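Structure data follow from start05.cif (mmCIF, C-alpha atoms):
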```
data_work
#
loop_
_atom_site.label_atom_id
_atom_site.label_comp_id
_atom_site.auth_asym_id
_atom_site.auth_seq_id
_atom_site.Cartn_x
_atom_site.Cartn_y
_atom_site.Cartn_z
CA MET A 1 106.66 197.54 94.53
CA LYS A 2 108.53 195.44 97.09
CA LEU A 3 106.91 192.30 98.45
CA GLY A 4 107.30 193.73 101.93
CA GLU A 5 105.13 196.71 100.99
CA ILE A 6 102.49 194.38 99.56
CA LYS A 7 102.55 192.43 102.81
CA LYS A 8 102.02 195.66 104.75
CA ILE A 9 99.17 196.94 102.55
CA LEU A 10 97.36 193.62 102.84
CA ASN A 11 98.19 193.05 106.49
CA ALA A 12 99.35 189.66 105.23
CA VAL A 13 101.13 186.78 106.89
CA VAL A 14 104.10 185.07 105.20
CA LEU A 15 103.58 181.31 105.03
CA SER A 16 106.79 180.14 103.45
CA LYS A 17 110.28 180.18 104.90
CA ASN A 18 111.85 181.84 101.88
CA GLY A 19 109.95 185.11 102.11
CA ASP A 20 112.35 187.63 100.61
CA MET A 21 110.54 190.88 101.40
CA GLU A 22 112.95 192.87 99.23
CA LEU A 23 111.67 191.01 96.14
CA GLU A 24 110.58 193.53 93.50
CA ILE A 25 107.09 192.87 92.10
CA GLY A 26 106.32 194.59 88.81
CA ARG A 27 102.72 193.64 88.17
CA ALA A 28 99.82 191.60 89.43
CA TYR A 29 97.35 189.13 87.99
CA CYS A 30 94.37 187.68 89.81
CA ALA A 31 92.34 184.57 88.95
CA ASP A 32 91.12 181.28 90.33
CA LEU A 33 91.35 179.51 86.99
CA MET A 34 94.87 178.37 86.38
CA SER A 35 94.57 178.09 82.59
CA ASP A 36 93.82 181.80 82.48
CA VAL A 37 96.86 182.47 84.59
CA LEU A 38 98.93 180.44 82.12
CA ALA A 39 97.39 182.20 79.13
CA PHE A 40 97.39 185.81 80.28
CA SER A 41 99.77 186.27 83.14
CA ILE A 42 103.05 188.04 82.90
CA THR A 43 106.46 186.98 84.17
CA ASN A 44 107.94 188.32 87.39
CA SER A 45 104.57 189.20 88.78
CA LEU A 46 102.32 188.57 91.75
CA LEU A 47 99.59 185.93 91.52
CA ILE A 48 96.50 186.72 93.61
CA THR A 49 94.16 183.76 94.03
CA GLY A 50 91.58 182.10 96.21
CA LEU A 51 92.72 178.60 95.31
CA THR A 52 95.18 176.90 97.61
CA ASN A 53 96.03 173.57 96.00
CA SER A 54 99.46 172.52 94.74
CA GLN A 55 98.42 173.32 91.14
CA VAL A 56 98.62 177.01 92.03
CA ILE A 57 102.31 176.62 92.89
CA ARG A 58 102.90 174.58 89.73
CA THR A 59 101.15 177.24 87.66
CA ALA A 60 103.18 180.09 89.14
CA ASP A 61 106.33 178.06 88.57
CA MET A 62 105.51 177.27 84.92
CA ALA A 63 104.52 180.87 84.21
CA ASP A 64 107.61 182.30 85.97
CA MET A 65 105.57 184.31 88.46
CA ASN A 66 107.39 185.63 91.52
CA ALA A 67 105.08 185.34 94.50
CA ILE A 68 101.56 184.31 95.50
CA VAL A 69 98.95 185.96 97.73
CA PHE A 70 96.07 183.80 98.95
CA VAL A 71 92.95 185.83 99.67
CA GLN A 72 90.05 185.44 102.08
CA GLY A 73 92.29 183.92 104.76
CA LYS A 74 92.61 180.69 102.80
CA ARG A 75 95.68 178.71 103.73
CA PRO A 76 97.25 175.92 101.72
CA ASP A 77 98.29 172.63 103.37
CA LEU A 78 101.86 171.97 104.48
CA GLU A 79 102.67 169.92 101.39
CA THR A 80 101.75 172.86 99.16
CA ILE A 81 103.81 175.24 101.29
CA SER A 82 106.86 172.99 101.06
CA LEU A 83 106.43 172.73 97.27
CA ALA A 84 106.49 176.54 97.12
CA GLU A 85 109.63 176.62 99.27
CA GLU A 86 111.24 174.10 96.94
CA LYS A 87 110.34 176.29 93.94
CA ASN A 88 111.45 179.41 95.81
CA ILE A 89 108.05 181.13 95.51
CA PRO A 90 107.08 183.19 98.59
CA LEU A 91 103.51 182.65 99.84
CA LEU A 92 101.41 185.25 101.65
CA VAL A 93 97.90 185.04 103.04
CA THR A 94 95.55 187.98 103.64
CA ASP A 95 92.11 188.14 105.23
CA PHE A 96 90.92 190.55 102.53
CA SER A 97 88.77 189.25 99.69
CA MET A 98 90.06 189.07 96.13
CA PHE A 99 88.22 192.33 95.41
CA GLY A 100 89.59 194.07 98.49
CA THR A 101 93.12 192.79 97.84
CA CYS A 102 93.25 193.92 94.21
CA GLY A 103 91.58 197.23 94.99
CA ARG A 104 94.05 198.10 97.74
CA LEU A 105 97.11 197.12 95.67
CA PHE A 106 95.85 199.00 92.61
CA GLU A 107 95.21 202.07 94.74
CA LYS A 108 98.83 201.97 95.94
CA GLY A 109 100.09 201.84 92.37
CA LEU A 110 100.66 198.18 91.56
CA GLN A 111 99.93 197.60 87.89
CA GLY A 112 98.20 194.84 85.99
CA ARG A 113 99.15 193.53 82.60
CA SER A 114 97.46 196.16 80.40
CA ASN A 115 100.41 198.12 79.08
CA ARG A 116 102.00 194.95 77.86
CA ASP A 117 98.82 193.46 76.51
CA LYS A 118 99.00 192.28 72.95
CA MET B 1 76.10 203.70 92.86
CA LYS B 2 73.91 202.71 89.92
CA LEU B 3 74.97 199.92 87.58
CA GLN B 4 74.45 202.25 84.62
CA GLU B 5 77.14 204.57 86.05
CA LEU B 6 79.62 201.70 86.24
CA VAL B 7 78.82 200.68 82.67
CA ASN B 8 79.48 204.25 81.53
CA SER B 9 82.61 204.90 83.61
CA LEU B 10 84.32 201.65 82.67
CA SER B 11 82.96 201.32 79.11
CA LEU B 12 81.50 197.92 79.85
CA GLU B 13 79.76 196.18 76.99
CA VAL B 14 76.26 195.10 77.99
CA LYS B 15 75.45 191.66 76.57
CA THR B 16 71.89 191.48 77.88
CA PRO B 17 69.95 194.13 75.94
CA GLY B 18 66.76 195.71 77.21
CA MET B 19 67.50 195.19 80.87
CA ASP B 20 67.00 197.97 83.41
CA LEU B 21 70.49 199.04 84.57
CA ASN B 22 69.15 201.61 86.97
CA ARG B 23 69.79 199.29 89.90
CA GLU B 24 71.91 199.90 92.95
CA VAL B 25 75.36 198.31 93.19
CA THR B 26 76.33 198.06 96.85
CA GLY B 27 79.78 196.49 96.51
CA GLY B 28 82.03 194.26 94.47
CA TYR B 29 82.96 190.62 94.60
CA ALA B 30 85.60 188.80 92.56
CA SER B 31 85.98 185.04 92.26
CA ASP B 32 86.03 182.31 89.64
CA LEU B 33 84.88 179.67 92.08
CA LEU B 34 81.12 179.32 92.25
CA SER B 35 81.18 177.81 95.74
CA ASP B 36 83.14 180.80 97.00
CA VAL B 37 80.60 183.24 95.55
CA ILE B 38 77.73 181.25 97.03
CA GLY B 39 79.46 181.29 100.41
CA ASN B 40 80.79 184.82 100.56
CA ALA B 41 79.33 187.32 98.09
CA LYS B 42 77.05 190.00 99.55
CA GLU B 43 73.66 190.84 98.10
CA GLY B 44 73.71 193.78 95.70
CA SER B 45 77.37 193.29 94.74
CA VAL B 46 78.57 193.23 91.17
CA TRP B 47 80.47 190.03 90.43
CA ILE B 48 83.77 190.04 88.51
CA THR B 49 84.70 186.68 86.97
CA LEU B 50 86.24 184.72 84.11
CA GLN B 51 83.60 182.03 84.22
CA VAL B 52 81.19 182.15 81.30
CA HIS B 53 79.03 179.09 81.64
CA LEU B 54 75.37 178.88 82.51
CA ASN B 55 75.79 178.29 86.24
CA ILE B 56 77.06 181.81 86.92
CA VAL B 57 73.54 183.17 86.34
CA ALA B 58 71.99 180.77 88.81
CA VAL B 59 74.58 181.75 91.42
CA ALA B 60 74.07 185.49 90.80
CA SER B 61 70.33 185.06 91.05
CA LEU B 62 70.57 182.97 94.21
CA LYS B 63 72.76 185.58 95.92
CA GLY B 64 70.81 188.60 94.64
CA LEU B 65 73.85 190.07 92.89
CA SER B 66 73.36 193.24 90.86
CA GLY B 67 75.21 192.00 87.78
CA ILE B 68 78.08 189.99 86.33
CA VAL B 69 81.14 191.45 84.59
CA LEU B 70 83.22 189.05 82.49
CA VAL B 71 86.87 190.05 82.18
CA ASN B 72 89.62 189.41 79.59
CA ASN B 73 86.97 189.79 76.88
CA ARG B 74 85.51 186.40 77.72
CA MET B 75 82.25 185.97 75.81
CA PRO B 76 79.26 184.43 77.59
CA ASP B 77 77.69 181.29 76.12
CA ASP B 78 74.34 181.72 74.39
CA ASP B 79 72.73 179.59 77.09
CA THR B 80 74.17 181.91 79.72
CA LEU B 81 72.65 185.00 78.07
CA LYS B 82 69.29 183.34 77.62
CA LYS B 83 69.21 182.34 81.27
CA ALA B 84 70.42 185.83 82.28
CA SER B 85 67.46 187.40 80.47
CA GLU B 86 65.05 185.03 82.19
CA GLU B 87 66.56 185.74 85.61
CA ASN B 88 66.97 189.49 85.01
CA ILE B 89 70.73 189.41 85.72
CA PRO B 90 72.71 191.92 83.60
CA VAL B 91 75.84 190.43 82.01
CA MET B 92 78.61 192.74 80.84
CA THR B 93 82.08 192.26 79.37
CA SER B 94 85.36 194.13 79.61
CA PRO B 95 88.69 193.73 77.80
CA LEU B 96 90.51 194.46 81.07
CA ALA B 97 92.04 191.79 83.27
CA ALA B 98 90.28 191.29 86.59
CA PHE B 99 93.04 193.07 88.54
CA GLU B 100 92.66 196.34 86.63
CA LEU B 101 88.88 196.16 86.48
CA ILE B 102 88.66 195.60 90.23
CA GLY B 103 91.16 198.40 90.75
CA ARG B 104 89.00 200.82 88.80
CA LEU B 105 85.81 199.75 90.57
CA TYR B 106 87.63 200.25 93.87
CA THR B 107 88.73 203.70 92.73
CA LEU B 108 85.07 204.52 91.97
CA GLY B 109 84.28 203.65 95.57
CA LEU B 110 83.02 200.07 95.47
CA ARG B 111 84.16 198.03 98.40
CA CYS B 112 84.39 194.53 99.74
CA ARG B 113 86.24 193.23 102.77
CA MET C 1 123.21 174.77 73.72
CA ASN C 2 124.69 171.75 72.01
CA LYS C 3 123.12 168.86 73.85
CA THR C 4 120.17 166.62 73.13
CA ALA C 5 117.85 164.79 75.49
CA GLU C 6 114.99 162.37 75.29
CA GLY C 7 112.77 160.68 77.83
CA VAL C 8 109.31 159.80 79.04
CA PHE C 9 107.12 160.52 82.07
CA PHE C 10 104.16 158.38 83.06
CA LEU C 11 100.90 160.05 84.08
CA THR C 12 98.13 158.61 86.24
CA GLY C 13 94.53 159.70 85.78
CA LYS C 14 92.83 161.47 88.74
CA ASP C 15 96.12 161.78 90.63
CA PHE C 16 95.64 165.51 91.11
CA ALA C 17 98.34 165.82 93.75
CA LYS C 18 100.91 164.86 91.10
CA ALA C 19 99.53 167.10 88.37
CA GLY C 20 102.44 169.19 87.15
CA VAL C 21 105.27 166.96 88.38
CA ALA C 22 106.18 165.76 84.87
CA SER C 23 106.10 169.29 83.43
CA SER C 24 108.11 170.56 86.36
CA ASN C 25 110.76 167.90 85.72
CA LEU C 26 110.78 168.75 82.03
CA LYS C 27 111.26 172.40 82.92
CA ALA C 28 114.25 171.48 85.09
CA ILE C 29 115.77 169.47 82.22
CA LEU C 30 115.37 172.41 79.82
CA GLU C 31 116.92 174.74 82.38
CA SER C 32 119.89 172.42 82.87
CA MET C 33 120.43 172.40 79.10
CA GLY C 34 120.57 176.17 78.96
CA VAL C 35 117.45 176.68 76.83
CA PRO C 36 116.38 180.38 76.84
CA PRO C 37 113.83 181.22 79.56
CA ASP C 38 111.06 182.41 77.22
CA ILE C 39 111.26 179.13 75.30
CA ILE C 40 111.25 177.15 78.55
CA ARG C 41 108.18 179.03 79.70
CA ARG C 42 106.28 178.21 76.50
CA ALA C 43 107.24 174.54 76.67
CA ALA C 44 106.41 174.31 80.38
CA ILE C 45 102.98 175.91 79.93
CA ALA C 46 102.07 173.65 76.99
CA ALA C 47 103.33 170.53 78.78
CA PHE C 48 101.51 171.45 81.98
CA GLU C 49 98.17 171.98 80.21
CA ALA C 50 98.57 168.66 78.38
CA GLU C 51 99.51 166.89 81.60
CA VAL C 52 96.52 168.32 83.46
CA ASN C 53 94.22 167.21 80.63
CA VAL C 54 95.43 163.62 80.98
CA ILE C 55 94.96 163.71 84.73
CA ILE C 56 91.46 165.19 84.49
CA TYR C 57 90.07 163.05 81.68
CA ALA C 58 92.12 159.90 81.14
CA VAL C 59 92.89 156.69 83.01
CA ALA C 60 96.58 157.00 82.27
CA GLY C 61 99.01 158.44 79.80
CA MET C 62 102.59 159.29 79.02
CA MET C 63 104.56 162.36 78.08
CA HIS C 64 107.46 161.79 75.74
CA TYR C 65 109.92 164.56 75.06
CA SER C 66 112.84 164.95 72.72
CA ILE C 67 115.07 167.98 72.68
CA THR C 68 117.42 168.56 69.77
CA GLN C 69 119.33 171.56 68.42
CA GLU C 70 116.33 172.41 66.27
CA MET C 71 113.31 171.83 68.44
CA ILE C 72 111.54 170.66 71.56
CA LYS C 73 109.04 167.99 70.60
CA ILE C 74 106.52 166.72 73.14
CA ILE C 75 104.07 163.88 72.58
CA VAL C 76 101.37 163.32 75.17
CA GLN C 77 99.39 160.16 74.63
CA ASP C 78 96.54 159.02 76.84
CA MET C 79 94.06 156.24 77.40
CA GLY C 80 91.01 158.41 77.80
CA PRO C 81 87.54 159.13 76.46
CA GLY C 82 88.80 160.81 73.30
CA ILE C 83 87.61 164.12 71.84
CA PRO C 84 84.50 163.84 69.60
CA ASP C 85 84.89 167.28 68.00
CA ILE C 86 88.46 168.57 67.98
CA ALA C 87 87.59 171.91 66.37
CA LEU C 88 85.10 172.59 69.14
CA ALA C 89 87.61 171.56 71.79
CA MET C 90 90.06 174.09 70.34
CA THR C 91 87.56 176.91 71.00
CA GLU C 92 88.47 179.15 73.95
CA GLY C 93 86.00 178.64 76.76
CA TYR C 94 84.58 175.34 75.52
CA SER C 95 84.84 172.69 78.21
CA THR C 96 83.22 169.43 79.21
CA ALA C 97 84.79 169.50 82.67
CA PRO C 98 82.49 168.85 85.62
CA ASP C 99 82.11 171.47 88.35
CA TYR C 100 84.53 169.79 90.77
CA ILE C 101 87.29 170.21 88.20
CA ARG C 102 86.40 173.89 87.78
CA GLU C 103 86.52 174.32 91.54
CA MET C 104 90.12 173.06 91.39
CA GLY C 105 90.94 175.84 88.95
CA PHE C 106 90.96 173.83 85.75
CA GLY C 107 88.47 172.91 83.05
CA SER C 108 87.79 176.47 81.92
CA GLY C 109 88.18 175.50 78.28
CA MET C 110 91.55 177.18 77.81
CA GLY C 111 93.80 174.12 77.84
CA LEU C 112 94.08 173.22 74.15
CA PRO C 113 93.95 176.88 73.02
CA ASN C 114 96.79 177.59 75.46
CA ILE C 115 98.86 174.74 74.05
CA LYS C 116 98.31 175.99 70.52
CA LYS C 117 99.20 179.55 71.54
CA SER C 118 102.40 178.47 73.29
CA THR C 119 103.78 176.22 70.56
CA ASP C 120 104.83 176.47 66.91
CA LYS C 121 102.96 173.39 65.78
CA LEU C 122 100.21 171.33 67.42
CA THR C 123 98.69 168.13 66.08
CA VAL C 124 95.73 166.50 67.80
CA ASN C 125 94.68 162.95 67.04
CA SER C 126 91.81 161.40 68.93
CA VAL C 127 89.65 158.30 68.79
CA VAL C 128 86.50 158.37 70.90
CA GLY C 129 86.60 155.59 73.46
CA GLU C 130 90.32 154.95 72.98
CA GLY C 131 92.32 158.06 73.67
CA THR C 132 94.00 161.23 72.49
CA THR C 133 97.49 162.02 71.28
CA LEU C 134 98.85 165.55 71.26
CA GLU C 135 102.08 166.32 69.50
CA PHE C 136 103.56 169.77 69.78
CA ILE C 137 106.76 171.41 68.71
CA ILE C 138 108.61 174.50 69.78
CA ASN C 139 111.37 175.58 67.42
CA LEU C 140 114.71 176.46 68.96
CA ASN C 141 116.62 177.84 66.02
CA LYS C 142 114.66 181.05 65.70
CA THR C 143 113.67 183.60 68.29
CA ALA C 144 110.16 183.46 69.72
#
```
Could the structure of this file be written out as structure tokens, please?
Amino acid sequence: MKLGEIKKILNAVVLSKNGDMELEIGRAYCADLMSDVLAFSITNSLLITGLTNSQVIRTADMADMNAIVFVQGKRPDLETISLAEEKNIPLLVTDFSMFGTCGRLFEKGLQGRSNRDK
Amino acid sequence: MKLQELVNSLSLEVKTPGMDLNREVTGGYASDLLSDVIGNAKEGSVWITLQVHLNIVAVASLKGLSGIVLVNNRMPDDDTLKKASEENIPVMTSPLAAFELIGRLYTLGLRCR
Amino acid sequence: MNKTAEGVFFLTGKDFAKAGVASSNLKAILESMGVPPDIIRRAAIAAFEAEVNVIIYAVAGMMHYSITQEMIKIIVQDMGPGIPDIALAMTEGYSTAPDYIREMGFGSGMGLPNIKKSTDKLTVNSVVGEGTTLEFIINLNKTA
């Protein structure tokens, strides 16, 4: 699924300058605990979270995740946005809750990590 | 929708035996941040989280949530289960990641903003 | 890859804004040396978890790395409270982190298990009241 389609489904706003909407997103992982993201996430995927601190960007960077959606209308500060731009990770924000965000994306066919689960 | 139906449809493992699951689930809420759940979860919702420690029960009880589902096969602490029994909050587990579990709950018709 | 590198990063306790900077720099070094991406990812995840632990729990610490043909070796040493029961600390989900740390997205008791999972060898040495030293190795000469 293209990032642009995700943006449309979630009625999301792009926060970072480097928002390549043609970016292909294979899977999604949602969590607010970054250690779980590091342990269970999959590469080249979308991170859905309600946390907005710079650790989220660091986590996505370390885990080679492609893009981040912040839920519940939560916006990170400018420093965090510029860190994401530096790491070339597009940031989106949606007013939907984590539940509503995941539900809508799942309904449209975005997959989680299951098939690749060990 | 009754909690028992969700347990059956999604093969959730119930960790709090002997609790009445014939209770109404009016929506879903997903978060691993207790403050977020306290601030935003709606009464009657089932809560999807990775957090396993004692405080989740107090939060669920405070907000009148219908139950807690732990994802990624996270196992609740013994203290958590003891407290859950006292507070009459069903705790269930699933091997699915939160994204898929939420997706399936959404497919069954549960909603949240 | 036929280069080697060695260096050290200094870590400051409670400086949450900087958490991840050292690991990020290490990742960039590994990338510049042409280390395979899956190996880099494992090293970056282990280093990041170790770095966050120092920032959460310790007053200060350092991360030393050495990269050779054979392996990536990372030593993270801190001046912190120490770990009374290492076996317990290695259990997934066990954490002594206060709520404000959990609200920042850390302290879910996955840090040390994650480091173990991401590396080929992990050694933990800790003295209560003095500090903790983690040493972990990722082999480069065989595929992950």
Problem set entry | Atomic distance atom CA of Leu15 of chain A - atom CA of Ile81 of chain A, expressed in Å with one decimal |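 That distance, rounded to one decimal, is 7.1 Å.
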For this session: Dump as an NGL selection string the residues of chain B that approach chain A to within 12 Å, counting all atoms listed in the file.
Result: :B and (27-37 or 39-42 or 45-52 or 71-74 or 95-113)
Exercise. For the file shown, what are the residues hit by the PyMOL selection byres ((chain A) within 9 of (chain C)), laid out as number ranges by chain?
Worked result: A: 31-36, 38-39, 51-56, 58-59, 61-64
For this session: Give me the residues within 9 Å of segment 83-91 of chain B as a ChimeraX atom specification, counting only C-alpha atoms and dropping any in the same chain fewer than 6 places off.
Result: /B:13-21,54,57-58,60-61,64-70,76
For this session: Identify, on the basis of only C-alpha atoms, every residue whose closest approach to Asn66 of chain A does not exceed 10 Å; exclude the query and any residue fewer than 2 positions from it along the same chain; express the result as number ranges by chain.
Result: A: 3, 23-28, 42-47, 60-61, 63-64, 68, 88-91
Exercise. Mind telling me what the PyMOL selection byres ((chain C and resi 73) around 12) catches here, as an MDAnalysis selection string?
Worked result: chainID C and resid 4:8 26 43:44 46:47 63:72 74:76 119:123 134:140
For this session: Between B:Lys2, B:Lys63, B:His53, B:Lys82, single out the one closest to chain C, counting all atoms listed in the file.
Result: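 The shortest atom-to-atom distance to chain C comes from B:His53.
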Exercise. Excluding same-chain residues fewer than 6 positions from segment 77-84 of chain C, what lies within 8 Å of it counting only C-alpha atoms, as an NGL selection string?
Worked result: :C and (54 or 57-63 or 126-134)
Exercise. Please, what distance in Å, to one decimal, runs between atom CA of Gly93 of chain C and atom CA of Leu81 of chain B?
Worked result: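 Separation of atom CA of Gly93 of chain C and atom CA of Leu81 of chain B: 14.8 Å.
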For this session: Give the answer as one residue: which of C:Asn125, C:Thr12, C:Ile101, C:Lys116 has the shortest atom-to-atom distance to chain B, using all atoms listed in the file?
Result: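 Going through C:Asn125, C:Thr12, C:Ile101, C:Lys116 one by one, the smallest distance to chain B is for C:Ile101.
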Problem set entry | Distance in Å - atom CA of Thr80 of chain A versus atom CA of Ala12 of chain A | 18.0 Å
